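**Q** Just so it is clear, I am handing over work.csv, which has CSV, C-alpha atoms and all ligand atoms.
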chain,number,residue,atom,x,y,z
A,625,ALA,CA,36.2,-160.5,26.9
A,626,GLN,CA,34.9,-157.0,27.3
A,627,ALA,CA,35.9,-156.9,31.0
A,628,ARG,CA,39.5,-156.7,29.8
A,629,TYR,CA,38.9,-153.3,28.3
A,630,VAL,CA,36.9,-151.7,31.0
A,631,SER,CA,40.0,-149.9,32.4
A,632,ILE,CA,40.5,-148.1,29.0
A,633,ARG,CA,36.9,-147.4,28.3
A,634,ASP,CA,37.1,-143.7,29.1
A,635,THR,CA,40.7,-143.3,28.0
A,636,PRO,CA,41.0,-141.4,24.7
A,637,ALA,CA,42.7,-143.3,21.9
A,638,VAL,CA,46.0,-141.6,21.6
A,639,THR,CA,48.9,-143.4,20.0
A,640,ARG,CA,52.4,-143.5,21.4
A,641,ASP,CA,53.4,-140.7,19.1
A,642,GLY,CA,50.5,-138.5,20.2
A,643,THR,CA,47.9,-139.0,17.4
A,644,ARG,CA,44.3,-138.9,18.7
A,645,ILE,CA,41.9,-141.3,17.0
A,646,ASN,CA,38.2,-140.6,17.4
A,647,MET,CA,36.5,-143.9,18.3
A,648,VAL,CA,32.8,-144.0,17.3
A,649,MET,CA,30.4,-146.9,16.8
A,650,ASN,CA,28.1,-148.4,14.3
A,651,ALA,CA,24.4,-148.9,15.2
A,652,GLY,CA,21.1,-149.6,13.7
A,653,LEU,CA,18.7,-150.8,16.4
A,654,MET,CA,17.4,-149.5,19.6
A,655,ALA,CA,19.1,-152.4,21.3
A,656,ASP,CA,22.5,-151.0,20.2
A,657,LEU,CA,22.0,-147.8,22.2
A,658,PRO,CA,23.2,-148.9,25.6
A,659,SER,CA,26.5,-149.6,24.0
A,660,LEU,CA,27.1,-145.9,23.6
A,661,ASP,CA,27.8,-145.7,27.3
A,662,ASN,CA,29.2,-149.2,27.8
A,663,SER,CA,31.8,-149.2,25.0
A,664,GLY,CA,33.3,-145.8,25.5
A,665,ALA,CA,32.2,-144.8,22.0
A,666,GLU,CA,32.5,-141.1,21.4
A,667,GLY,CA,29.5,-141.0,19.2
A,668,VAL,CA,27.7,-143.0,16.5
A,669,GLY,CA,29.6,-142.8,13.2
A,670,LEU,CA,27.1,-144.8,11.3
A,671,PHE,CA,23.4,-145.3,12.2
A,672,ARG,CA,22.0,-147.7,9.6
A,673,THR,CA,18.4,-146.5,9.3
A,674,GLU,CA,17.3,-149.3,6.9
A,675,LEU,CA,17.1,-151.8,9.8
A,676,GLN,CA,14.0,-149.9,11.1
A,677,PHE,CA,12.4,-150.4,7.7
A,678,LEU,CA,13.4,-154.1,7.4
A,679,VAL,CA,12.0,-155.3,10.7
A,680,ARG,CA,8.4,-154.2,9.7
A,681,ASN,CA,5.9,-155.6,7.3
A,682,GLN,CA,4.7,-152.2,6.1
A,683,MET,CA,6.3,-148.8,5.5
A,684,PRO,CA,6.8,-147.0,8.8
A,685,LYS,CA,5.0,-143.7,9.3
A,686,ARG,CA,6.9,-140.5,9.6
A,687,SER,CA,5.8,-139.9,13.1
A,688,GLU,CA,7.0,-143.4,14.2
A,689,LEU,CA,10.4,-142.8,12.6
A,690,SER,CA,10.7,-139.4,14.1
A,691,ALA,CA,10.0,-140.9,17.6
A,692,LEU,CA,12.7,-143.5,17.0
A,693,TYR,CA,15.3,-141.0,15.9
A,694,SER,CA,14.5,-138.8,18.8
A,695,ARG,CA,15.1,-141.7,21.2
A,696,VAL,CA,18.5,-142.3,19.5
A,697,LEU,CA,19.5,-138.7,20.0
A,698,ASP,CA,18.3,-138.8,23.6
A,699,ALA,CA,20.4,-141.8,24.2
A,700,ALA,CA,23.4,-140.1,22.7
A,701,HIS,CA,23.3,-137.3,25.3
A,702,GLY,CA,24.7,-134.8,22.8
A,703,LYS,CA,27.3,-137.0,21.3
A,704,ARG,CA,27.2,-136.8,17.5
A,705,VAL,CA,25.0,-139.4,15.7
A,706,VAL,CA,25.5,-139.8,11.9
A,707,PHE,CA,22.2,-141.0,10.5
A,708,ARG,CA,22.6,-142.7,7.2
A,709,THR,CA,19.6,-142.4,4.9
A,710,LEU,CA,17.9,-145.5,3.7
A,711,ASP,CA,20.3,-148.0,2.0
A,712,ILE,CA,18.0,-150.5,0.4
A,713,GLY,CA,18.3,-152.6,-2.6
A,714,SER,CA,21.2,-155.0,-3.1
A,715,ASP,CA,21.3,-157.3,-0.1
A,716,LYS,CA,18.6,-155.4,1.8
A,717,VAL,CA,15.1,-155.8,0.2
A,718,LEU,CA,12.0,-154.3,1.9
A,719,PRO,CA,9.2,-156.8,2.1
A,720,TYR,CA,6.6,-154.3,1.2
A,721,MET,CA,8.3,-152.8,-1.8
A,722,LYS,CA,7.9,-154.2,-5.3
A,723,PRO,CA,10.9,-156.5,-5.8
A,724,THR,CA,13.0,-155.5,-8.7
A,725,ASP,CA,14.4,-158.4,-10.6
A,726,GLU,CA,18.0,-157.4,-11.2
A,727,PRO,CA,20.8,-159.5,-12.5
A,728,ASN,CA,23.4,-157.7,-10.3
A,729,PRO,CA,21.6,-156.1,-7.3
A,730,ALA,CA,24.9,-154.9,-5.7
A,731,LEU,CA,25.4,-152.8,-8.9
A,732,GLY,CA,21.8,-152.1,-9.3
A,733,TRP,CA,19.0,-149.8,-8.2
A,734,ARG,CA,20.0,-149.3,-4.6
A,735,ALA,CA,20.6,-146.7,-1.8
A,736,ILE,CA,20.7,-143.1,-3.0
A,737,ARG,CA,19.8,-144.2,-6.6
A,738,VAL,CA,16.4,-145.2,-5.3
A,739,GLY,CA,16.2,-142.2,-3.0
A,740,LEU,CA,16.7,-139.8,-5.9
A,741,ASP,CA,14.5,-141.6,-8.4
A,742,LYS,CA,11.6,-142.0,-6.0
A,743,PRO,CA,12.2,-139.2,-3.5
A,744,GLY,CA,9.0,-139.7,-1.5
A,745,VAL,CA,10.5,-142.0,1.1
A,746,MET,CA,13.7,-140.0,1.3
A,747,ARG,CA,11.7,-136.8,1.9
A,748,MET,CA,9.7,-138.5,4.6
A,749,GLN,CA,12.8,-139.7,6.2
A,750,LEU,CA,14.5,-136.3,6.1
A,751,GLN,CA,11.4,-134.7,7.7
A,752,ALA,CA,11.4,-137.3,10.4
A,753,LEU,CA,15.1,-136.7,11.1
A,754,MET,CA,14.6,-132.9,11.3
A,755,ARG,CA,11.6,-133.3,13.6
A,756,ALA,CA,13.5,-135.7,15.8
A,757,ALA,CA,16.3,-133.3,16.1
A,758,ASN,CA,13.9,-130.6,17.2
A,759,GLY,CA,16.4,-127.9,17.8
A,760,ARG,CA,19.4,-130.2,18.4
A,761,PRO,CA,22.3,-130.7,15.9
A,762,LEU,CA,21.6,-133.2,13.1
A,763,THR,CA,24.0,-135.1,10.9
A,764,ILE,CA,22.8,-136.8,7.8
A,765,MET,CA,24.8,-139.1,5.5
A,766,PHE,CA,23.9,-140.4,2.1
A,767,PRO,CA,24.9,-143.9,1.1
A,768,PHE,CA,26.5,-145.0,-2.1
A,769,VAL,CA,27.2,-141.7,-3.7
A,770,ALA,CA,29.0,-142.5,-6.9
A,771,GLN,CA,29.3,-139.0,-8.4
A,772,PHE,CA,29.2,-135.3,-7.3
A,773,GLU,CA,25.9,-134.7,-9.0
A,774,GLU,CA,24.2,-137.3,-6.8
A,775,TYR,CA,25.5,-135.6,-3.7
A,776,ARG,CA,24.3,-132.2,-5.0
A,777,ALA,CA,20.8,-133.6,-5.8
A,778,ALA,CA,20.6,-135.2,-2.3
A,779,ARG,CA,21.8,-132.0,-0.7
A,780,ALA,CA,19.1,-130.1,-2.6
A,781,GLU,CA,16.5,-132.4,-1.1
A,782,VAL,CA,17.8,-131.5,2.4
A,783,ASP,CA,17.5,-127.8,1.6
A,784,LYS,CA,14.0,-128.3,0.2
A,785,THR,CA,13.0,-130.1,3.4
A,786,ILE,CA,14.5,-127.4,5.5
A,787,ALA,CA,12.4,-124.8,3.6
A,788,ARG,CA,9.3,-126.9,3.9
A,789,GLU,CA,9.7,-127.5,7.6
A,790,LYS,CA,10.3,-123.8,8.2
A,791,LYS,CA,7.1,-123.0,6.3
A,792,LEU,CA,5.1,-125.5,8.4
A,793,GLY,CA,6.4,-123.8,11.5
A,794,HIS,CA,8.5,-126.7,12.8
A,795,ILE,CA,11.6,-126.1,14.9
A,796,LEU,CA,14.7,-126.7,12.7
A,797,PRO,CA,17.8,-128.5,13.9
A,798,GLU,CA,20.4,-126.3,15.5
A,799,THR,CA,22.9,-127.3,12.7
A,800,ILE,CA,22.6,-129.7,9.8
A,801,GLU,CA,25.7,-131.5,8.6
A,802,VAL,CA,25.4,-133.4,5.3
A,803,GLY,CA,27.9,-135.9,4.2
A,804,ALA,CA,28.5,-138.7,1.7
A,805,MET,CA,29.6,-142.3,1.9
A,806,LEU,CA,32.5,-143.1,-0.4
A,807,GLU,CA,31.7,-146.7,-1.4
A,808,THR,CA,32.5,-146.7,-5.1
A,809,PRO,CA,36.0,-146.0,-6.4
A,810,SER,CA,34.5,-143.3,-8.8
A,811,LEU,CA,33.8,-140.9,-5.9
A,812,ALA,CA,37.5,-140.8,-4.9
A,813,PHE,CA,38.2,-139.2,-8.3
A,814,ALA,CA,35.3,-136.7,-8.2
A,815,PRO,CA,36.2,-133.0,-8.9
A,816,GLN,CA,38.0,-131.4,-6.0
A,817,LYS,CA,34.9,-129.1,-5.7
A,818,PHE,CA,33.0,-132.1,-4.4
A,819,PHE,CA,35.4,-132.4,-1.5
A,820,ASP,CA,35.0,-128.6,-1.0
A,821,GLU,CA,31.2,-128.8,-0.9
A,822,VAL,CA,30.5,-132.0,1.0
A,823,GLY,CA,30.2,-131.7,4.8
A,824,PHE,CA,32.2,-134.9,5.5
A,825,VAL,CA,33.1,-138.1,3.8
A,826,SER,CA,32.9,-141.6,5.3
A,827,ILE,CA,34.5,-144.6,3.6
A,828,GLY,CA,32.2,-147.5,3.5
A,829,GLY,CA,34.9,-150.0,3.3
A,830,ASN,CA,32.7,-153.1,2.9
A,831,ASP,CA,31.3,-151.9,-0.4
A,832,LEU,CA,34.4,-149.9,-1.4
A,833,LYS,CA,36.6,-153.0,-1.1
A,834,GLN,CA,34.1,-155.2,-3.0
A,835,PHE,CA,34.1,-152.7,-5.9
A,836,PHE,CA,37.8,-152.0,-5.8
A,837,PHE,CA,38.7,-155.7,-6.2
A,838,ALA,CA,35.5,-156.7,-8.1
A,839,ALA,CA,34.9,-159.3,-5.4
A,840,ASP,CA,31.4,-159.9,-4.1
A,841,ARG,CA,31.3,-159.3,-0.4
A,842,GLU,CA,28.6,-162.0,-0.1
A,843,ASN,CA,30.4,-164.6,-2.0
A,844,GLU,CA,32.3,-167.0,0.2
A,845,ARG,CA,34.6,-168.1,-2.6
A,846,VAL,CA,36.0,-164.6,-3.1
A,847,ARG,CA,35.1,-162.4,-0.2
A,848,ARG,CA,38.3,-163.1,1.7
A,849,ARG,CA,40.5,-163.4,-1.4
A,850,TYR,CA,41.9,-159.9,-1.3
A,851,ASP,CA,43.5,-158.4,1.8
A,852,THR,CA,42.4,-155.0,3.1
A,853,LEU,CA,46.1,-154.5,3.7
A,854,ASN,CA,46.9,-155.1,0.1
A,855,VAL,CA,49.2,-152.3,-1.1
A,856,SER,CA,46.9,-151.2,-3.9
A,857,PHE,CA,44.0,-150.8,-1.5
A,858,LEU,CA,46.0,-148.9,1.1
A,859,THR,CA,47.4,-146.6,-1.6
A,860,PHE,CA,43.9,-145.9,-2.7
A,861,ILE,CA,42.8,-145.1,0.9
A,862,GLU,CA,45.8,-142.8,1.2
A,863,ARG,CA,44.7,-140.9,-2.0
A,864,ILE,CA,41.2,-140.4,-0.4
A,865,VAL,CA,42.9,-139.1,2.7
A,866,GLU,CA,44.9,-136.6,0.7
A,867,ARG,CA,41.9,-135.4,-1.3
A,868,CYS,CA,39.9,-134.8,1.8
A,869,ALA,CA,42.9,-133.0,3.5
A,870,LEU,CA,43.2,-130.7,0.5
A,871,SER,CA,39.7,-129.4,1.1
A,872,GLY,CA,39.8,-129.7,4.9
A,873,THR,CA,36.9,-132.2,4.7
A,874,PRO,CA,36.5,-134.5,7.7
A,875,LEU,CA,37.0,-138.1,6.8
A,876,SER,CA,36.0,-141.3,8.7
A,877,PHE,CA,36.0,-145.0,7.9
A,878,CYS,CA,33.0,-147.1,8.8
A,879,GLY,CA,33.3,-150.5,7.2
A,880,GLU,CA,34.0,-153.7,9.2
A,881,ASP,CA,37.7,-153.3,8.8
A,882,ALA,CA,37.7,-150.3,11.2
A,883,GLY,CA,36.9,-152.8,13.9
A,884,ARG,CA,39.8,-155.2,13.2
A,885,PRO,CA,42.8,-154.0,15.3
A,886,ILE,CA,45.5,-154.5,12.7
A,887,GLU,CA,43.4,-153.1,9.9
A,888,ALA,CA,42.4,-150.1,12.1
A,889,LEU,CA,46.1,-149.5,13.0
A,890,CYS,CA,47.0,-149.4,9.3
A,891,LEU,CA,44.1,-147.1,8.5
A,892,ALA,CA,45.2,-144.8,11.2
A,893,ALA,CA,48.8,-144.9,9.8
A,894,MET,CA,47.3,-144.0,6.4
A,895,GLY,CA,45.8,-140.9,8.0
A,896,LEU,CA,42.3,-141.8,9.1
A,897,ARG,CA,41.4,-140.0,12.3
A,898,THR,CA,37.9,-141.3,12.9
A,899,LEU,CA,37.0,-145.0,13.0
A,900,SER,CA,33.5,-146.3,13.3
A,901,MET,CA,33.0,-149.9,14.3
A,902,ARG,CA,30.8,-152.3,16.2
A,903,PRO,CA,30.8,-151.4,19.9
A,904,ALA,CA,32.6,-154.7,20.9
A,905,SER,CA,35.6,-153.7,18.7
A,906,ILE,CA,36.3,-150.4,20.4
A,907,GLY,CA,38.2,-152.0,23.3
A,908,PRO,CA,40.5,-154.2,21.2
A,909,VAL,CA,41.2,-151.5,18.6
A,910,LYS,CA,41.9,-148.9,21.2
A,911,SER,CA,44.1,-151.2,23.2
A,912,LEU,CA,46.4,-151.7,20.1
A,913,LEU,CA,46.4,-148.0,19.2
A,914,LEU,CA,47.5,-147.0,22.7
A,915,ARG,CA,50.5,-149.3,22.3
A,916,SER,CA,51.4,-148.2,18.8
A,917,ASN,CA,53.5,-145.6,17.2
A,918,LEU,CA,52.0,-144.6,13.9
A,919,GLU,CA,55.3,-143.2,12.5
A,920,GLU,CA,56.8,-146.7,12.9
A,921,ILE,CA,53.8,-148.3,11.2
A,922,ARG,CA,54.1,-145.9,8.3
A,923,LYS,CA,57.8,-146.8,7.9
A,924,ILE,CA,57.0,-150.5,8.0
A,925,ILE,CA,54.2,-150.0,5.4
A,926,SER,CA,56.4,-147.9,3.2
A,927,ASP,CA,59.3,-150.5,3.4
A,928,ALA,CA,57.0,-153.3,2.5
A,929,ARG,CA,55.7,-151.3,-0.5
A,930,HIS,CA,59.3,-150.7,-1.7
A,931,ARG,CA,60.0,-154.4,-1.5
A,932,GLY,CA,57.1,-154.9,-3.8
A,933,GLU,CA,55.0,-156.9,-1.3
A,934,GLN,CA,51.4,-157.6,-2.2
A,935,SER,CA,50.1,-157.0,1.3
A,936,VAL,CA,51.8,-155.2,4.2
A,937,ARG,CA,50.2,-157.6,6.7
A,938,PRO,CA,53.2,-159.9,7.1
A,939,ALA,CA,55.5,-156.9,7.9
A,940,VAL,CA,53.0,-155.4,10.3
A,941,MET,CA,52.4,-158.7,12.1
A,942,GLU,CA,56.1,-159.2,12.4
A,943,TRP,CA,56.5,-155.8,14.0
A,944,LEU,CA,53.7,-156.7,16.4
A,945,ARG,CA,55.4,-159.9,17.4
A,946,THR,CA,58.6,-158.0,18.2
A,947,GLN,CA,56.5,-155.7,20.4
A,948,GLY,CA,55.5,-158.7,22.5
B,1001,LIG,C1,30.1,-150.3,4.0
B,1001,LIG,O1,29.7,-150.5,2.9
B,1001,LIG,O2,31.2,-150.4,4.4
B,1001,LIG,C2,29.1,-149.8,5.0
B,1001,LIG,C3,29.5,-149.4,6.2
B,1001,LIG,O3,27.8,-150.0,4.7
B,1001,LIG,P1,27.0,-151.4,4.7
B,1001,LIG,O4,27.9,-152.4,5.3
B,1001,LIG,O5,25.7,-151.1,5.4
B,1001,LIG,O6,26.8,-151.5,3.2
B,1002,MG,MG,27.8,-150.0,2.1
Could the structure of this file be written out as structure tokens, please?

**A**
Amino acid sequence: AQARYVSIRDTPAVTRDGTRINMVMNAGLMADLPSLDNSGAEGVGLFRTELQFLVRNQMPKRSELSALYSRVLDAAHGKRVVFRTLDIGSDKVLPYMKPTDEPNPALGWRAIRVGLDKPGVMRMQLQALMRAANGRPLTIMFPFVAQFEEYRAARAEVDKTIAREKKLGHILPETIEVGAMLETPSLAFAPQKFFDEVGFVSIGGNDLKQFFFAADRENERVRRRYDTLNVSFLTFIERIVERCALSGTPLSFCGEDAGRPIEALCLAAMGLRTLSMRPASIGPVKSLLLRSNLEEIRKIISDARHRGEQSVRPAVMEWLRTQG
């Protein structure tokens, strides 16, 4: 299947009407790294660091993590890699951490909530990342930020780590970008100052959709019940695009939907300019973007909205059929 897309591997994703979409990939294991070259990904938009913690039976050492992150940066050959700090809790439970018995783990003590309450592991991870960068640029992203204050507190941890590393005489990264994942609807309504301060925002569509529709992403009965192309959800995405644009904040989308061609096309039409997806999706998504005119898609979406349709999918599918 991938052979079909080899010819466009190095072609930039530019739509018919001239909009350039940045195609980056999701990763989490060393085994994913060769895909950086093979898929034509322009970088890693989401590196899920928890996988390194989950495949062990004890807490990894800082030096081990640092060596791993360094190999990731080596493999990227200067392409940007967005390292997401540990996103544990909910569906990802570390075998060597005391299990917390929570009635609703997805709404529980997870991700940055753990990181801020028990900062030891987060500090160790931040140090490992800075040492891995060793003079190269570093990009750090915090998962599951629900309010401005959590971003501020996490950012403060980064600044403290910078100061500590400097004092210890370690080489600091050339630049450090710090961003937040938008995975809870609350963050979309944060004060504009949040969007001014944050280095970048990445929409974690898997979680965002689950909380937007109150439909468990793990529950087979409901997980496909609501369409990503539902007008309410797309309107919400558009609002996030506007808020980021107002502050000039770079925005990306890194949930599974970014790797589904029709969803990706509609996200681009809503204003997303960076899509992060599994490497195998880059070819199919790019292929559709190259053939599409975003202005036309915007018109189709807007017409479907005015007709009061629940999802724009039928209208977009119909348009695709007429394109042949
Ligand atoms: C997401 O929630 O969309 C996301 C990218 O993170 P994860 O799937 O790891 O929760
Ligand atoms: Mg998530």

**Q** Pick from A:Arg867, A:Asn854, A:Glu801, A:Leu899: nearest to Gly932 of chain A, with only C-alpha atoms counted?

**A** A:Asn854

**Q** Compile a residue-level contact table for chain A against ligand MG 1002 (chain B) at a cut-off of 9 Å, reporting for every qualifying residue the shortest atom pair and its distance in Å to one decimal, with all atoms listed in the file counted, rows ordered by chain and ascending number, as a Markdown table.

**A**
| residue | atom | partner | partner_atom | distance |
| --- | --- | --- | --- | --- |
| A:Asp711 | CA | B:MG1002 | MG | 7.8 |
| A:Ala735 | CA | B:MG1002 | MG | 8.8 |
| A:Pro767 | CA | B:MG1002 | MG | 6.8 |
| A:Phe768 | CA | B:MG1002 | MG | 6.7 |
| A:Met805 | CA | B:MG1002 | MG | 7.9 |
| A:Leu806 | CA | B:MG1002 | MG | 8.7 |
| A:Glu807 | CA | B:MG1002 | MG | 6.2 |
| A:Ile827 | CA | B:MG1002 | MG | 8.7 |
| A:Gly828 | CA | B:MG1002 | MG | 5.3 |
| A:Gly829 | CA | B:MG1002 | MG | 7.2 |
| A:Asn830 | CA | B:MG1002 | MG | 5.9 |
| A:Asp831 | CA | B:MG1002 | MG | 4.7 |
| A:Leu832 | CA | B:MG1002 | MG | 7.5 |
| A:Cys878 | CA | B:MG1002 | MG | 9.0 |
| A:Gly879 | CA | B:MG1002 | MG | 7.5 |

**Q** Could you write those residues out with C-alpha atoms, as a tab-separated table (two decimals), in the frame of the given file?

**A**
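This is the output file result31.tsv:
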chain	number	residue	atom	x	y	z
A	711	ASP	CA	20.30	-148.00	2.00
A	735	ALA	CA	20.60	-146.70	-1.80
A	767	PRO	CA	24.90	-143.90	1.10
A	768	PHE	CA	26.50	-145.00	-2.10
A	805	MET	CA	29.60	-142.30	1.90
A	806	LEU	CA	32.50	-143.10	-0.40
A	807	GLU	CA	31.70	-146.70	-1.40
A	827	ILE	CA	34.50	-144.60	3.60
A	828	GLY	CA	32.20	-147.50	3.50
A	829	GLY	CA	34.90	-150.00	3.30
A	830	ASN	CA	32.70	-153.10	2.90
A	831	ASP	CA	31.30	-151.90	-0.40
A	832	LEU	CA	34.40	-149.90	-1.40
A	878	CYS	CA	33.00	-147.10	8.80
A	879	GLY	CA	33.30	-150.50	7.20

**Q** Residues near Asp634 of chain A, anyone? I mean within 9 Å using only C-alpha atoms, not counting same-chain ones fewer than 2 positions away, as a ChimeraX atom specification.

**A** /A:630-632,636,663-665

**Q** Go through A:Pro719, A:Gly669, A:Gly652, A:Pro743 and flag the residue nearest Met683 of chain A, using only C-alpha atoms for the distances.

**A**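 Ranked by minimum distance to Met683 of chain A, first place goes to A:Pro719.
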
**Q** Here is a test: counting all atoms listed in the file, which residue of A:Gln834, A:Ser905, A:Asn650, A:Gln682 is nearest to Pro885 of chain A?

**A**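 Closest to Pro885 of chain A, using all atoms listed in the file: A:Ser905.
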
**Q** Of the candidates A:Ala691, A:Trp733, A:Leu918, A:Val909, which one gets nearest to Met894 of chain A if we count only C-alpha atoms?

**A**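 Checking each candidate against Met894 of chain A, we get A:Leu918 as the closest.
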
**Q** What does the structure give for the distance between atom CA of Val825 of chain A and atom CA of Met647 of chain A, in Å to one decimal?

**A** 16.0 Å

**Q** Can you find the residues with an atom no farther than 12 Å from (52.2, -152.2, 9.7), counting all atoms listed in the file, and report them as a PyMOL selection string?

**A** chain A and resi 853-855+858+885-894+912-913+916-929+935-945

**Q** Export C-alpha atoms of the chosen residues as a PDB file, in the frame of the given file?

**A**
ATOM      1  CA  LEU A 853      46.100-154.500   3.700  1.00  0.00           C
ATOM      2  CA  ASN A 854      46.900-155.100   0.100  1.00  0.00           C
ATOM      3  CA  VAL A 855      49.200-152.300  -1.100  1.00  0.00           C
ATOM      4  CA  LEU A 858      46.000-148.900   1.100  1.00  0.00           C
ATOM      5  CA  PRO A 885      42.800-154.000  15.300  1.00  0.00           C
ATOM      6  CA  ILE A 886      45.500-154.500  12.700  1.00  0.00           C
ATOM      7  CA  GLU A 887      43.400-153.100   9.900  1.00  0.00           C
ATOM      8  CA  ALA A 888      42.400-150.100  12.100  1.00  0.00           C
ATOM      9  CA  LEU A 889      46.100-149.500  13.000  1.00  0.00           C
ATOM     10  CA  CYS A 890      47.000-149.400   9.300  1.00  0.00           C
ATOM     11  CA  LEU A 891      44.100-147.100   8.500  1.00  0.00           C
ATOM     12  CA  ALA A 892      45.200-144.800  11.200  1.00  0.00           C
ATOM     13  CA  ALA A 893      48.800-144.900   9.800  1.00  0.00           C
ATOM     14  CA  MET A 894      47.300-144.000   6.400  1.00  0.00           C
ATOM     15  CA  LEU A 912      46.400-151.700  20.100  1.00  0.00           C
ATOM     16  CA  LEU A 913      46.400-148.000  19.200  1.00  0.00           C
ATOM     17  CA  SER A 916      51.400-148.200  18.800  1.00  0.00           C
ATOM     18  CA  ASN A 917      53.500-145.600  17.200  1.00  0.00           C
ATOM     19  CA  LEU A 918      52.000-144.600  13.900  1.00  0.00           C
ATOM     20  CA  GLU A 919      55.300-143.200  12.500  1.00  0.00           C
ATOM     21  CA  GLU A 920      56.800-146.700  12.900  1.00  0.00           C
ATOM     22  CA  ILE A 921      53.800-148.300  11.200  1.00  0.00           C
ATOM     23  CA  ARG A 922      54.100-145.900   8.300  1.00  0.00           C
ATOM     24  CA  LYS A 923      57.800-146.800   7.900  1.00  0.00           C
ATOM     25  CA  ILE A 924      57.000-150.500   8.000  1.00  0.00           C
ATOM     26  CA  ILE A 925      54.200-150.000   5.400  1.00  0.00           C
ATOM     27  CA  SER A 926      56.400-147.900   3.200  1.00  0.00           C
ATOM     28  CA  ASP A 927      59.300-150.500   3.400  1.00  0.00           C
ATOM     29  CA  ALA A 928      57.000-153.300   2.500  1.00  0.00           C
ATOM     30  CA  ARG A 929      55.700-151.300  -0.500  1.00  0.00           C
ATOM     31  CA  SER A 935      50.100-157.000   1.300  1.00  0.00           C
ATOM     32  CA  VAL A 936      51.800-155.200   4.200  1.00  0.00           C
ATOM     33  CA  ARG A 937      50.200-157.600   6.700  1.00  0.00           C
ATOM     34  CA  PRO A 938      53.200-159.900   7.100  1.00  0.00           C
ATOM     35  CA  ALA A 939      55.500-156.900   7.900  1.00  0.00           C
ATOM     36  CA  VAL A 940      53.000-155.400  10.300  1.00  0.00           C
ATOM     37  CA  MET A 941      52.400-158.700  12.100  1.00  0.00           C
ATOM     38  CA  GLU A 942      56.100-159.200  12.400  1.00  0.00           C
ATOM     39  CA  TRP A 943      56.500-155.800  14.000  1.00  0.00           C
ATOM     40  CA  LEU A 944      53.700-156.700  16.400  1.00  0.00           C
ATOM     41  CA  ARG A 945      55.400-159.900  17.400  1.00  0.00           C
TER      42      ARG A 945
END

**Q** Select, from A:Asn681, A:Asn662, A:Ser690, A:Thr946, the residue with the minimum atom-to-atom distance to Tyr720 of chain A, counting only C-alpha atoms.

**A**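 Using only C-alpha atoms, Tyr720 of chain A sits closest to A:Asn681.
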
**Q** Choose the residue, out of A:Ser694, A:Thr673, A:Thr859, A:Ser810, that has the smallest atom-to-atom separation from ligand LIG 1001 (chain B); count all atoms listed in the file.

**A**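 The closest residue to ligand LIG 1001 (chain B) is A:Thr673.
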
**Q** What separation in Å, quoted to one decimal, exists between atom CA of Phe818 of chain A and atom CA of Ile764 of chain A?

**A**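 Distance reported for this atom pair: 16.6 Å.
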
**Q** One decimal, in Å: what's the spacing between atom CA of Pro761 of chain A and atom CA of Ile800 of chain A?

**A**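 Value for the atom CA of Pro761 of chain A-atom CA of Ile800 of chain A distance: 6.2 Å.
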
**Q** Would you list the contacts of Glu774 of chain A as a PyMOL selection string, taking every protein, DNA or RNA residue within 10 Å and counting only C-alpha atoms, but skipping same-chain residues closer than 6 positions in sequence?

**A** chain A and resi 736-737+740+766+768+780+804

**Q** Which neighbours of Arg633 of chain A fall inside 10 Å, counting all atoms listed in the file, when residues of the same chain fewer than 4 positions from it are skipped, and could you give them as an MDAnalysis selection string?

**A** chainID A and resid 626:629 637 661:665 906:907 910:911

**Q** Within 9 Å of Leu718 of chain A, counting all atoms listed in the file, which residues show up once you throw out same-chain ones fewer than 3 positions away? Write them as a VMD selection string, please.

**A** chain A and resid 674 677 to 683 712 to 713 721 to 723

**Q** Contacts of Glu798 of chain A at 8 Å or less, counting only C-alpha atoms, minus same-chain residues fewer than 4 places along, as a list in words?

**A**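 Those residues are Asn758, Gly759, Arg760, Pro761 and Leu762 of chain A.
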
**Q** Scan for residues within 9 Å of the point (34.7, -138.1, 4.6) in the coordinates of the file, using all atoms listed in the file, and reply as a count of residues only.

**A** 19
